[in-house]
file upload-v3.txt (compact mmCIF, C-alpha atoms and all ligand atoms)
# COMPACT_ATOMS: atom_id res chain seq x y z
CA MET A 88 0.00 0.00 0.00
CA LYS A 89 2.78 2.42 1.03
CA LYS A 90 4.66 1.57 -2.14
CA ILE A 91 1.62 2.42 -4.29
CA LEU A 92 1.23 5.71 -2.44
CA LEU A 93 4.90 6.53 -2.99
CA VAL A 94 4.62 5.77 -6.73
CA LEU A 95 1.52 7.96 -6.94
CA ILE A 96 3.33 10.82 -5.18
CA ILE A 97 6.29 10.49 -7.54
CA ILE A 98 3.94 10.52 -10.55
CA ALA A 99 2.07 13.55 -9.15
CA VAL A 100 5.28 15.52 -8.50
CA GLY A 101 6.56 14.54 -11.94
CA CYS A 102 3.35 15.72 -13.58
CA TYR A 103 3.49 18.99 -11.64
CA PHE A 104 7.01 19.80 -12.83
CA TYR A 105 6.19 18.73 -16.40
CA MET A 106 3.11 20.94 -16.48
CA THR A 107 4.72 24.00 -14.93
CA ARG A 108 7.59 23.67 -17.40
CA ASN A 109 5.09 23.80 -20.27
CA LYS A 110 3.31 26.69 -18.63
CA VAL A 111 6.52 28.74 -18.44
CA GLU A 112 7.09 28.10 -22.12
CA GLU A 113 3.53 29.12 -22.99
CA GLU A 114 3.80 32.35 -21.06
CA LYS A 115 7.07 33.49 -22.55
CA PHE A 116 6.48 37.13 -23.49
CA ILE A 117 6.05 37.60 -27.23
CA TYR A 118 8.73 40.31 -27.45
CA GLN A 119 11.10 38.75 -24.89
CA ASP A 120 13.86 38.21 -27.47
CA ILE A 121 13.69 41.86 -28.49
CA LEU A 122 13.57 43.05 -24.89
CA ASP A 123 16.65 40.91 -24.14
CA ASN A 124 18.54 43.08 -26.63
CA ILE A 125 17.52 46.40 -25.10
CA ILE A 126 20.52 47.78 -23.25
CA GLY A 127 19.16 51.13 -22.11
CA SER A 128 16.76 53.94 -22.80
CA VAL A 129 16.75 57.39 -24.38
CA ASP A 130 14.45 60.31 -23.65
CA VAL A 131 11.97 61.60 -26.21
CA ASN A 132 11.35 65.31 -25.69
CA LYS A 133 9.30 66.11 -28.77
CA TYR A 134 6.35 64.04 -29.92
CA THR A 135 3.92 65.60 -32.36
CA ILE A 136 1.77 64.78 -35.36
CA TYR A 137 1.41 67.36 -38.13
CA GLY A 138 -0.81 66.38 -41.03
CA LYS A 139 0.17 62.80 -41.87
CA HIS A 140 3.62 62.87 -40.27
CA LEU A 141 4.79 61.76 -36.86
CA ASN A 142 7.67 63.86 -35.52
CA VAL A 143 9.83 62.53 -32.72
CA GLU A 144 12.98 64.02 -31.24
CA GLY A 145 15.16 63.13 -28.32
CA ASP A 146 18.54 62.88 -26.68
CA ILE A 147 21.25 60.23 -26.88
CA LYS A 148 23.95 59.84 -24.28
CA ASN A 149 26.89 59.33 -26.62
CA PRO A 150 27.17 60.31 -30.27
CA GLY A 151 27.23 57.30 -32.58
CA ASP A 152 25.64 55.51 -35.49
CA TYR A 153 21.98 55.20 -34.49
CA THR A 154 18.73 54.69 -36.33
CA LEU A 155 15.12 54.54 -35.23
CA VAL A 156 13.38 51.26 -36.07
CA PHE A 157 9.94 49.70 -36.03
CA LYS A 158 10.56 46.13 -34.95
CA ASN A 159 8.56 43.00 -34.31
CA ASN A 160 9.51 39.31 -34.36
CA GLU A 161 9.24 39.10 -38.16
CA GLU A 162 10.77 42.30 -39.43
CA GLU A 163 12.69 45.45 -38.67
CA LYS A 164 12.03 48.66 -40.57
CA GLU A 165 14.62 51.39 -40.49
CA ILE A 166 13.24 54.91 -40.13
CA LYS A 167 15.02 57.95 -41.50
CA THR A 168 16.82 59.42 -38.51
CA ILE A 169 18.82 62.61 -38.25
CA ILE A 170 21.64 62.32 -35.70
CA LYS A 171 23.35 65.50 -34.66
CA ASP A 172 25.67 65.51 -31.65
CA ASN A 173 23.63 64.16 -28.72
CA HIS A 174 20.30 64.51 -30.46
CA PHE A 175 18.13 62.37 -32.73
CA ALA A 176 15.15 63.49 -34.83
CA THR A 177 12.84 62.08 -37.48
CA ASN A 178 12.67 65.34 -39.42
CA GLU A 179 13.92 68.82 -39.98
CA TYR A 180 10.61 70.36 -41.13
CA ILE A 181 7.23 69.73 -39.49
CA ASN A 182 5.69 68.25 -42.64
CA GLU A 183 8.37 65.53 -42.79
CA GLY A 184 9.01 62.61 -40.47
CA ILE A 185 7.31 59.24 -40.28
CA ASN A 186 4.52 59.06 -42.87
CA LEU A 187 1.70 57.43 -40.89
CA GLU A 188 -0.24 56.74 -44.09
CA LYS A 189 2.42 54.23 -45.15
CA LEU A 190 2.50 51.89 -42.14
CA ASN A 191 1.31 48.33 -42.66
CA ILE A 192 -1.19 46.63 -40.39
CA GLY A 193 0.59 45.03 -37.45
CA GLU A 194 2.33 45.75 -34.20
CA TYR A 195 5.81 47.23 -33.86
CA LEU A 196 8.08 48.24 -31.04
CA PHE A 197 9.50 51.71 -31.65
CA LEU A 198 13.18 51.61 -30.72
CA LEU A 199 16.52 53.31 -31.28
CA LYS A 200 19.13 50.93 -32.64
CA ASP A 201 22.86 51.26 -32.15
CA LYS A 202 24.14 50.08 -35.50
CA ALA A 203 27.65 49.48 -34.12
CA ASN A 204 26.59 46.61 -31.87
CA GLY A 205 23.05 45.78 -33.08
CA LYS A 206 21.59 46.53 -29.64
CA TYR A 207 18.54 48.67 -28.89
CA TYR A 208 17.46 51.53 -26.65
CA SER A 209 13.84 51.94 -25.68
CA LEU A 210 12.22 55.34 -26.13
CA ILE A 211 10.89 57.00 -23.00
CA ASN A 212 8.25 59.63 -23.69
CA LYS A 213 9.12 62.64 -21.53
CA THR A 214 6.59 64.95 -23.20
CA PRO A 215 3.24 65.85 -21.60
CA TYR A 216 1.52 63.98 -24.45
CA HIS A 217 0.63 60.29 -24.14
CA ASP A 218 -1.39 57.71 -26.04
CA ASN A 219 -2.03 59.48 -29.32
CA ILE A 220 -4.26 57.92 -31.93
CA TYR A 221 -4.24 58.55 -35.65
CA TYR A 222 -6.70 57.51 -38.36
CA THR A 223 -5.27 57.19 -41.84
CA MET A 224 -7.02 59.06 -44.64
CA THR A 225 -9.84 57.22 -46.40
CA LYS A 226 -8.57 55.01 -49.24
CA ASN A 227 -10.98 52.59 -50.98
CA ASN A 228 -13.48 53.26 -48.22
CA LYS A 229 -11.01 52.01 -45.61
CA ASN A 230 -9.00 53.53 -42.77
CA ASN A 231 -6.41 52.27 -40.35
CA LEU A 232 -6.28 53.23 -36.72
CA ILE A 233 -2.77 53.74 -35.34
CA THR A 234 -2.42 53.69 -31.58
CA MET A 235 0.80 54.62 -29.82
CA LYS A 236 1.02 52.76 -26.54
CA GLU A 237 3.53 53.07 -23.75
CA GLU A 238 4.03 49.71 -22.04
CA LYS A 239 6.29 48.16 -19.45
CA LYS A 240 7.55 44.62 -18.97
CA ASP A 241 10.02 43.57 -16.27
CA ASN A 242 11.03 47.18 -15.68
CA ILE A 243 11.69 47.81 -19.36
CA GLU A 244 9.52 50.57 -20.74
CA TYR A 245 8.89 50.63 -24.45
CA TRP A 246 6.76 52.36 -27.06
CA LYS A 247 4.52 50.26 -29.27
CA MET A 248 2.69 51.19 -32.48
CA VAL A 249 -0.46 49.16 -33.14
CA ILE A 250 -1.94 49.47 -36.63
CA GLU A 251 -5.35 47.92 -37.30
CA GLU A 252 -8.14 48.44 -39.80
CA LYS A 253 -10.94 50.57 -38.40
CA SER A 254 -13.35 52.94 -40.07
CA LEU A 255 -13.22 56.65 -39.40
CA PRO A 256 -15.51 57.74 -36.53
CA ASP A 257 -18.47 59.89 -37.61
CA GLU A 258 -17.03 63.15 -36.28
CA TYR A 259 -13.63 62.68 -37.98
CA TYR A 260 -12.73 63.87 -41.47
CA ASP A 261 -9.83 63.56 -43.91
CA VAL A 262 -9.72 67.04 -45.39
CA ILE A 263 -11.05 70.48 -44.46
CA ILE A 264 -11.87 73.10 -47.06
CA ASP A 265 -12.08 76.65 -45.84
CA PRO A 266 -13.85 79.14 -48.12
CA GLY A 267 -12.16 82.41 -47.10
CA HIS A 268 -14.16 85.29 -45.61
CA GLY A 269 -18.03 85.24 -45.72
CA GLY A 270 -21.04 87.28 -44.64
CA VAL A 271 -20.19 90.90 -43.87
CA ASP A 272 -16.53 90.06 -44.46
CA THR A 273 -16.58 89.99 -48.26
CA GLY A 274 -12.79 89.97 -48.62
CA ALA A 275 -11.23 91.67 -51.62
CA SER A 276 -13.42 93.29 -54.27
CA ASN A 277 -13.17 94.48 -57.83
CA GLY A 278 -16.30 96.46 -58.65
CA SER A 279 -19.23 94.17 -57.96
CA TYR A 280 -17.02 91.06 -57.79
CA HIS A 281 -16.47 90.00 -54.19
CA GLU A 282 -13.91 87.45 -53.05
CA SER A 283 -16.19 85.68 -50.54
CA LYS A 284 -18.67 84.68 -53.26
CA TYR A 285 -16.03 82.91 -55.33
CA THR A 286 -14.21 81.28 -52.41
CA LEU A 287 -17.51 79.59 -51.50
CA GLU A 288 -18.31 78.56 -55.09
CA TYR A 289 -14.83 77.10 -55.58
CA ALA A 290 -14.90 75.35 -52.20
CA GLN A 291 -18.28 73.78 -52.95
CA LYS A 292 -16.98 72.44 -56.25
CA LEU A 293 -13.83 71.07 -54.60
CA TYR A 294 -15.95 69.49 -51.86
CA GLU A 295 -18.00 67.69 -54.53
CA GLU A 296 -14.92 66.48 -56.41
CA LEU A 297 -13.08 65.19 -53.34
CA THR A 298 -16.20 63.53 -51.92
CA ASN A 299 -16.72 61.79 -55.27
CA ALA A 300 -13.10 60.62 -55.06
CA GLY A 301 -13.97 58.85 -51.79
CA LEU A 302 -12.61 61.31 -49.24
CA LYS A 303 -14.45 62.50 -46.16
CA VAL A 304 -14.46 66.28 -46.45
CA LYS A 305 -15.78 69.05 -44.25
CA MET A 306 -16.18 72.74 -45.05
CA THR A 307 -15.69 75.45 -42.43
CA ARG A 308 -18.73 77.25 -43.85
CA GLU A 309 -21.38 76.08 -46.32
CA LYS A 310 -23.15 79.35 -46.93
CA ASP A 311 -22.51 83.07 -47.10
CA GLU A 312 -21.90 83.75 -43.42
CA LYS A 313 -19.21 85.17 -41.20
CA ILE A 314 -17.76 82.49 -38.95
CA ALA A 315 -15.74 82.71 -35.74
CA HIS A 316 -11.97 82.43 -36.00
CA TYR A 317 -11.42 80.67 -32.67
CA GLY A 318 -13.21 78.22 -30.41
CA VAL A 319 -15.38 75.14 -30.81
CA GLY A 320 -16.87 74.88 -34.31
CA SER A 321 -14.81 77.81 -35.57
CA ARG A 322 -12.57 78.19 -38.59
CA THR A 323 -9.53 77.06 -36.58
CA GLY A 324 -11.49 74.77 -34.22
CA ILE A 325 -13.04 72.52 -36.87
CA PRO A 326 -9.72 71.05 -38.14
CA TYR A 327 -8.78 69.87 -34.62
CA GLU A 328 -12.27 68.57 -33.86
CA ALA A 329 -12.34 66.68 -37.17
CA LYS A 330 -8.78 65.37 -36.66
CA ALA A 331 -8.22 66.33 -40.29
CA LYS A 332 -4.82 65.83 -41.90
CA LEU A 333 -4.99 68.53 -44.53
CA MET A 334 -6.76 71.86 -44.76
CA LEU A 335 -6.90 74.21 -47.71
CA SER A 336 -8.11 77.76 -47.33
CA ILE A 337 -9.36 79.22 -50.60
CA HIS A 338 -8.75 82.91 -51.28
CA PHE A 339 -8.46 85.41 -54.09
CA ASN A 340 -5.83 88.05 -53.85
CA SER A 341 -5.79 91.79 -54.39
CA SER A 342 -3.14 94.44 -54.93
CA ASN A 343 -3.25 98.19 -55.37
CA GLY A 344 -1.08 98.16 -58.46
CA ARG A 345 -3.43 95.78 -60.31
CA ALA A 346 -0.39 94.39 -62.16
CA ASN A 347 0.04 91.52 -59.71
CA ARG A 348 -1.36 88.25 -60.96
CA GLY A 349 -0.98 84.50 -60.59
CA VAL A 350 -0.93 81.72 -58.01
CA GLU A 351 0.46 82.09 -54.46
CA ILE A 352 0.47 79.24 -51.94
CA TYR A 353 1.28 80.21 -48.33
CA LYS A 354 2.82 77.67 -45.93
CA ALA A 355 3.94 77.62 -42.31
CA PHE A 356 7.44 78.99 -41.65
CA ASN A 357 8.74 75.55 -40.61
CA ASP A 358 7.17 73.56 -43.48
CA ASN A 359 9.35 72.32 -46.31
CA ASN A 360 8.27 73.50 -49.77
CA THR A 361 7.19 70.12 -51.11
CA PHE A 362 3.40 70.19 -50.86
CA ALA A 363 3.06 73.95 -51.40
CA LYS A 364 4.97 73.41 -54.64
CA VAL A 365 2.68 70.51 -55.61
CA LEU A 366 -0.31 72.84 -55.19
CA ALA A 367 1.28 75.70 -57.13
CA ASP A 368 2.44 73.42 -59.98
CA ASN A 369 -0.89 71.62 -60.34
CA LEU A 370 -2.79 74.93 -60.35
CA VAL A 371 -0.54 76.48 -62.97
CA ASN A 372 -0.64 73.30 -65.09
CA SER A 373 -4.44 72.88 -64.89
CA THR A 374 -5.31 76.49 -65.75
CA SER A 375 -4.15 79.27 -68.07
CA SER A 376 -2.64 80.95 -64.99
CA VAL A 377 1.00 81.42 -64.00
CA TYR A 378 3.10 81.57 -60.83
CA SER A 379 2.54 84.93 -59.20
CA ASN A 380 4.80 87.81 -60.21
CA ASN A 381 4.69 89.11 -56.64
CA THR A 382 8.12 88.73 -54.99
CA LEU A 383 7.11 89.84 -51.48
CA HIS A 384 7.22 86.83 -49.09
CA GLN A 385 8.14 84.57 -52.02
CA VAL A 386 10.21 81.45 -51.30
CA ILE A 387 10.28 79.83 -54.75
CA ASP A 388 7.94 80.02 -57.78
CA GLY A 389 4.36 79.90 -56.46
CA VAL A 390 5.42 79.18 -52.84
CA TYR A 391 5.16 81.89 -50.20
CA MET A 392 5.78 82.22 -46.51
CA ARG A 393 4.79 85.21 -44.46
CA VAL A 394 6.15 85.67 -40.94
CA TYR A 395 5.68 88.44 -38.40
CA SER A 396 7.78 91.45 -39.33
CA LYS A 397 9.57 93.61 -36.78
CA SER A 398 6.74 96.16 -37.06
CA ASP A 399 4.03 93.46 -36.63
CA ILE A 400 5.77 92.36 -33.43
CA LYS A 401 6.08 95.96 -32.29
CA GLY A 402 2.36 96.49 -32.94
CA LEU A 403 1.42 93.51 -30.79
CA ALA A 404 3.81 94.68 -28.07
CA ASN A 405 2.03 98.05 -28.11
CA ASP A 406 -1.35 96.28 -27.76
CA ALA A 407 0.07 94.56 -24.68
CA LYS A 408 1.32 97.81 -23.19
CA LYS A 409 -2.00 99.58 -23.76
CA GLY A 410 -4.08 96.61 -22.62
CA GLY A 411 -1.88 95.95 -19.58
CA PHE A 412 -1.14 92.29 -20.39
CA GLU A 413 2.10 90.34 -20.85
CA PRO A 414 3.34 90.63 -24.45
CA TYR A 415 3.62 87.47 -26.55
CA GLN A 416 7.12 86.07 -27.00
CA LEU A 417 7.20 86.37 -30.77
CA ASP A 418 10.05 86.45 -33.22
CA GLU A 419 10.46 86.69 -36.95
CA ASN A 420 9.94 82.90 -37.18
CA THR A 421 6.26 83.19 -36.35
CA THR A 422 3.82 82.37 -39.13
CA TYR A 423 1.71 85.44 -39.87
CA TYR A 424 -1.54 83.93 -41.11
CA TYR A 425 -3.58 82.79 -38.11
CA PHE A 426 -5.29 80.14 -40.17
CA ILE A 427 -2.04 78.26 -40.88
CA ARG A 428 -0.49 78.95 -37.47
CA GLU A 429 -3.44 78.25 -35.18
CA THR A 430 -4.52 74.95 -36.79
CA GLY A 431 -1.16 73.16 -36.35
CA GLY A 432 -1.03 73.27 -32.55
CA ILE A 433 2.48 73.27 -31.07
CA ASN A 434 3.88 72.25 -34.48
CA THR A 435 3.14 75.68 -35.92
CA LYS A 436 3.58 77.49 -32.60
CA ALA A 437 -0.09 78.46 -32.23
CA PHE A 438 -0.16 81.11 -29.54
CA SER A 439 -3.55 82.85 -29.37
CA ASP A 440 -4.44 82.40 -25.71
CA GLY A 441 -6.93 85.26 -25.45
CA ARG A 442 -4.72 87.64 -23.48
CA ASN A 443 -5.12 90.18 -26.27
CA PRO A 444 -8.84 91.08 -26.27
CA LYS A 445 -8.59 91.76 -30.03
CA TYR A 446 -8.32 88.02 -30.64
CA ASP A 447 -10.19 85.21 -28.91
CA ALA A 448 -8.37 82.26 -27.35
CA ASN A 449 -7.59 79.18 -29.40
CA PRO A 450 -8.50 76.34 -26.99
CA TYR A 451 -6.51 73.83 -29.06
CA ARG A 452 -3.27 75.79 -29.26
CA ASN A 453 -1.34 73.35 -27.04
CA SER A 454 -2.37 70.26 -29.00
CA ASN A 455 0.48 68.04 -30.21
CA GLN A 456 -1.66 66.91 -33.15
CA GLY A 457 -2.37 69.50 -35.82
CA THR A 458 -3.68 69.90 -39.33
CA GLU A 459 -1.33 70.74 -42.19
CA GLY A 460 -2.79 73.97 -43.53
CA TYR A 461 -2.16 75.99 -46.68
CA LEU A 462 -3.60 79.29 -47.74
CA CYS A 463 -4.23 79.20 -51.46
CA GLU A 464 -4.42 82.58 -53.18
CA LEU A 465 -5.64 81.21 -56.48
CA ALA A 466 -5.66 84.45 -58.49
CA TYR A 467 -5.81 88.25 -58.14
CA ILE A 468 -9.38 89.54 -58.25
CA SER A 469 -7.84 93.01 -58.77
CA ASN A 470 -6.15 91.98 -62.02
CA LYS A 471 -8.16 92.08 -65.25
CA GLU A 472 -6.78 88.83 -66.74
CA ASP A 473 -6.97 86.97 -63.43
CA LEU A 474 -10.56 88.10 -62.85
CA LYS A 475 -11.49 86.55 -66.22
CA ARG A 476 -9.86 83.31 -65.07
CA ILE A 477 -11.76 83.39 -61.78
CA LEU A 478 -15.03 83.72 -63.70
CA ASN A 479 -14.25 81.19 -66.45
CA GLU A 480 -11.84 78.57 -65.10
CA LYS A 481 -13.41 77.29 -61.89
CA GLU A 482 -13.30 73.64 -63.08
CA GLN A 483 -9.64 73.96 -64.01
CA PHE A 484 -8.58 75.55 -60.71
CA VAL A 485 -10.54 72.95 -58.76
CA GLU A 486 -8.93 70.21 -60.85
CA GLY A 487 -5.49 71.48 -59.79
CA LEU A 488 -6.51 71.47 -56.12
CA LYS A 489 -8.11 68.03 -56.34
CA LYS A 490 -5.05 66.52 -58.02
CA SER A 491 -2.88 67.91 -55.24
CA VAL A 492 -5.07 66.57 -52.43
CA LEU A 493 -5.09 63.09 -54.01
CA GLN A 494 -1.31 63.26 -54.25
CA TYR A 495 -1.19 64.14 -50.54
CA VAL A 496 -3.38 61.16 -49.68
CA ASN A 497 -1.45 58.65 -51.76
CA GLU A 498 2.18 59.72 -51.37
ZN ZN A 501 -8.87 86.49 -48.78
call {"tool": "encode", "arguments": {"input": "upload-v3.txt", "output": "structure tokens", "more": "lines below"}}
Ligand SMILES: [Zn+2]
result
Amino acid sequence: MKKILLVLIIIAVGCYFYMTRNKVEEEKFIYQDILDNIIGSVDVNKYTIYGKHLNVEGDIKNPGDYTLVFKNNEEEKEIKTIIKDNHFATNEYINEGINLEKLNIGEYLFLLKDKANGKYYSLINKTPYHDNIYYTMTKNNKNNLITMKEEKKDNIEYWKMVIEEKSLPDEYYDVIIDPGHGGVDTGASNGSYHESKYTLEYAQKLYEELTNAGLKVKMTREKDEKIAHYGVGSRTGIPYEAKAKLMLSIHFNSSNGRANRGVEIYKAFNDNNTFAKVLADNLVNSTSSVYSNNTLHQVIDGVYMRVYSKSDIKGLANDAKKGGFEPYQLDENTTYYYFIRETGGINTKAFSDGRNPKYDANPYRNSNQGTEGYLCELAYISNKEDLKRILNEKEQFVEGLKKSVLQYVNE
């Protein structure tokens, strides 16, 4: 009897060890092999999304040959990384960086790799922003949801990107079209021709074209009305609320000399020229128009950038003095047009906080996720030839804009 009991005990103990051994194998963490190769961490001190690009910057302890990677057990994708002294960055301009439209469905750890020894550093998010989500723009009626998660396993913190198919929530949009001016604000005029009438007509046509192309588009105004610049549901509020990637503001220009004519696309001061140039080129190629002959604020043919001048800054400082509030800390690298500046959040250094009673507060100014905005001065209403184009070439101008937006979505 005792012998049988002893055999049973031995069998039971044996089974226990066999089963727990299997259990340990089953529970081995999916990324354990990757985590085993993480030898330290680096701090991320900038983490923003502008349009379709993710921008990340941080510090490294020792200069070396590093690259950012997206890594899982099957693959490792190298990400363009700028290393300068003790600093790493995904981009130089805000509309560069990691193109979130191009990520494949899956799950990736976001790491910094030391190419010299093949080891990794985890990224520690030291910014006030955590757990961002991003919906890709609508392509073939489909969207992906990208979630950035900060996780921890055995005291190793790491950043994970999860990309899954998910349709765009009702309140989210791909593109915003802003018909400039409206209502009592008629914009520029030439006789009985008023800018605000044509910005709305053009915007409506573009809305139709882009919607037919499968994009989810929202207009800042749908009728002849004056709309608020700041706040919920406003011209600058809508892009944030809609989590839109791209926003085009449609305008027609005016000059005293009447000799100025042609296309001008305005961008943020820290944008590269790429997409502004796409817009200018497509507009010039689709119409009988030309690049503007105006050289003020010009960067290259058709591409313009206006920043606060010394006298603009002085004017705002005087407002502050008179109004008894702290002046804004502005410099000549501040984008002038509120529409471009205030829709990009911290990317474009949005600053309207309401201290100046002349301008309302932008409640979204500290957002780390912003819309890539361009102000499109399609033609000069004050110029005789351009006015003819405005009246006769709506389809052609809209074609140029549509082509550009589709390029933005697909590239
Ligand atoms: Zn205008």
call {"tool": "atom_distance", "arguments": {"input": "upload-v3.txt", "atom1": "atom CA of A:His338", "atom2": "atom CA of A:Ser283"}}
result
8.0 Å
call {"tool": "residues_near_ligand", "arguments": {"input": "upload-v3.txt", "ligand": "ligand ZN 501 (chain A)", "cutoff": "7 Å", "atoms": "all atoms listed in the file", "output": "count of residues only"}}
result
8
call {"tool": "atom_distance", "arguments": {"input": "upload-v3.txt", "atom1": "atom CA of A:His281", "atom2": "atom CA of A:Arg428"}}
result
25.6 Å
call {"tool": "closest_residue", "arguments": {"input": "upload-v3.txt", "among": "A:Leu199, A:Asn173, A:Lys292, A:Gly193", "to": "A:Val156", "atoms": "only C-alpha atoms"}}
result
A:Leu199
call {"tool": "closest_residue", "arguments": {"input": "upload-v3.txt", "among": "A:Glu183, A:Glu482, A:Asp123, A:Glu459", "to": "A:Ala290", "atoms": "all atoms listed in the file"}}
result
A:Glu482
call {"tool": "residues_around", "arguments": {"input": "upload-v3.txt", "residues": "A:Gly320", "least_positions_apart": "4", "cutoff": "12 Å", "atoms": "only C-alpha atoms", "output": "number ranges by chain"}}
result
A: 258, 305-308, 314-316, 324-329, 449-451
call {"tool": "closest_residue", "arguments": {"input": "upload-v3.txt", "among": "A:Phe197, A:Tyr207, A:Tyr294, A:Tyr395", "to": "A:Asn420", "atoms": "only C-alpha atoms"}}
result
A:Tyr395
call {"tool": "closest_residue", "arguments": {"input": "upload-v3.txt", "among": "A:Lys90, A:Lys313, A:Arg348, A:Lys409", "to": "A:Arg476", "atoms": "all atoms listed in the file"}}
result
A:Arg348
call {"tool": "closest_atom_pairs", "arguments": {"input": "upload-v3.txt", "of": "stretch 189-213 of chain A", "to": "stretch 138-153 of chain A", "cutoff": "8 Å", "atoms": "all atoms listed in the file", "output": "tab-separated table"}}
result
residue	atom	partner	partner_atom	distance
A:Leu199	CA	A:Tyr153	CA	6.6
A:Lys200	CA	A:Tyr153	CA	5.5
A:Asp201	CA	A:Tyr153	CA	4.7
A:Lys202	CA	A:Asp152	CA	5.6
A:Ala203	CA	A:Asp152	CA	6.5
call {"tool": "residues_around", "arguments": {"input": "upload-v3.txt", "residues": "A:Ala407", "least_positions_apart": "5", "cutoff": "12 Å", "atoms": "only C-alpha atoms", "output": "ChimeraX atom specification"}}
result
/A:400-402,412-416,441-445
call {"tool": "decode", "arguments": {"input": "upload-v3.txt", "residues": "stretch 425-440 of chain A", "atoms": "N, CA and C atoms", "output": "CSV table (one decimal), in the first residue's frame"}}
result
chain,number,residue,atom,x,y,z
A,425,TYR,N,-3.1,83.5,-39.3
A,425,TYR,CA,-3.6,82.8,-38.1
A,425,TYR,C,-4.1,81.4,-38.5
A,426,PHE,N,-4.7,81.4,-39.7
A,426,PHE,CA,-5.3,80.1,-40.2
A,426,PHE,C,-4.3,79.0,-40.3
A,427,ILE,N,-3.1,79.3,-40.8
A,427,ILE,CA,-2.0,78.3,-40.9
A,427,ILE,C,-1.4,78.0,-39.5
A,428,ARG,N,-1.2,79.1,-38.8
A,428,ARG,CA,-0.5,79.0,-37.5
A,428,ARG,C,-1.4,78.3,-36.4
A,429,GLU,N,-2.6,78.7,-36.3
A,429,GLU,CA,-3.4,78.2,-35.2
A,429,GLU,C,-4.1,76.9,-35.4
A,430,THR,N,-3.9,76.3,-36.6
A,430,THR,CA,-4.5,74.9,-36.8
A,430,THR,C,-3.5,73.8,-36.6
A,431,GLY,N,-2.2,74.2,-36.5
A,431,GLY,CA,-1.2,73.2,-36.4
A,431,GLY,C,-0.8,72.8,-34.9
A,432,GLY,N,-1.4,73.5,-33.9
A,432,GLY,CA,-1.0,73.3,-32.5
A,432,GLY,C,0.4,73.7,-32.3
A,433,ILE,N,1.1,72.9,-31.4
A,433,ILE,CA,2.5,73.3,-31.1
A,433,ILE,C,3.4,73.1,-32.3
A,434,ASN,N,3.0,72.4,-33.3
A,434,ASN,CA,3.9,72.3,-34.5
A,434,ASN,C,4.1,73.6,-35.1
A,435,THR,N,3.1,74.4,-35.2
A,435,THR,CA,3.1,75.7,-35.9
A,435,THR,C,3.2,76.8,-34.9
A,436,LYS,N,3.5,76.5,-33.7
A,436,LYS,CA,3.6,77.5,-32.6
A,436,LYS,C,2.3,78.4,-32.5
A,437,ALA,N,1.2,77.7,-32.5
A,437,ALA,CA,-0.1,78.5,-32.2
A,437,ALA,C,0.0,79.2,-30.9
A,438,PHE,N,-0.4,80.4,-30.8
A,438,PHE,CA,-0.2,81.1,-29.5
A,438,PHE,C,-1.4,81.9,-29.0
A,439,SER,N,-2.4,82.0,-29.8
A,439,SER,CA,-3.5,82.9,-29.4
A,439,SER,C,-4.2,82.3,-28.1
A,440,ASP,N,-3.9,82.9,-27.0
A,440,ASP,CA,-4.4,82.4,-25.7
A,440,ASP,C,-5.5,83.4,-25.1
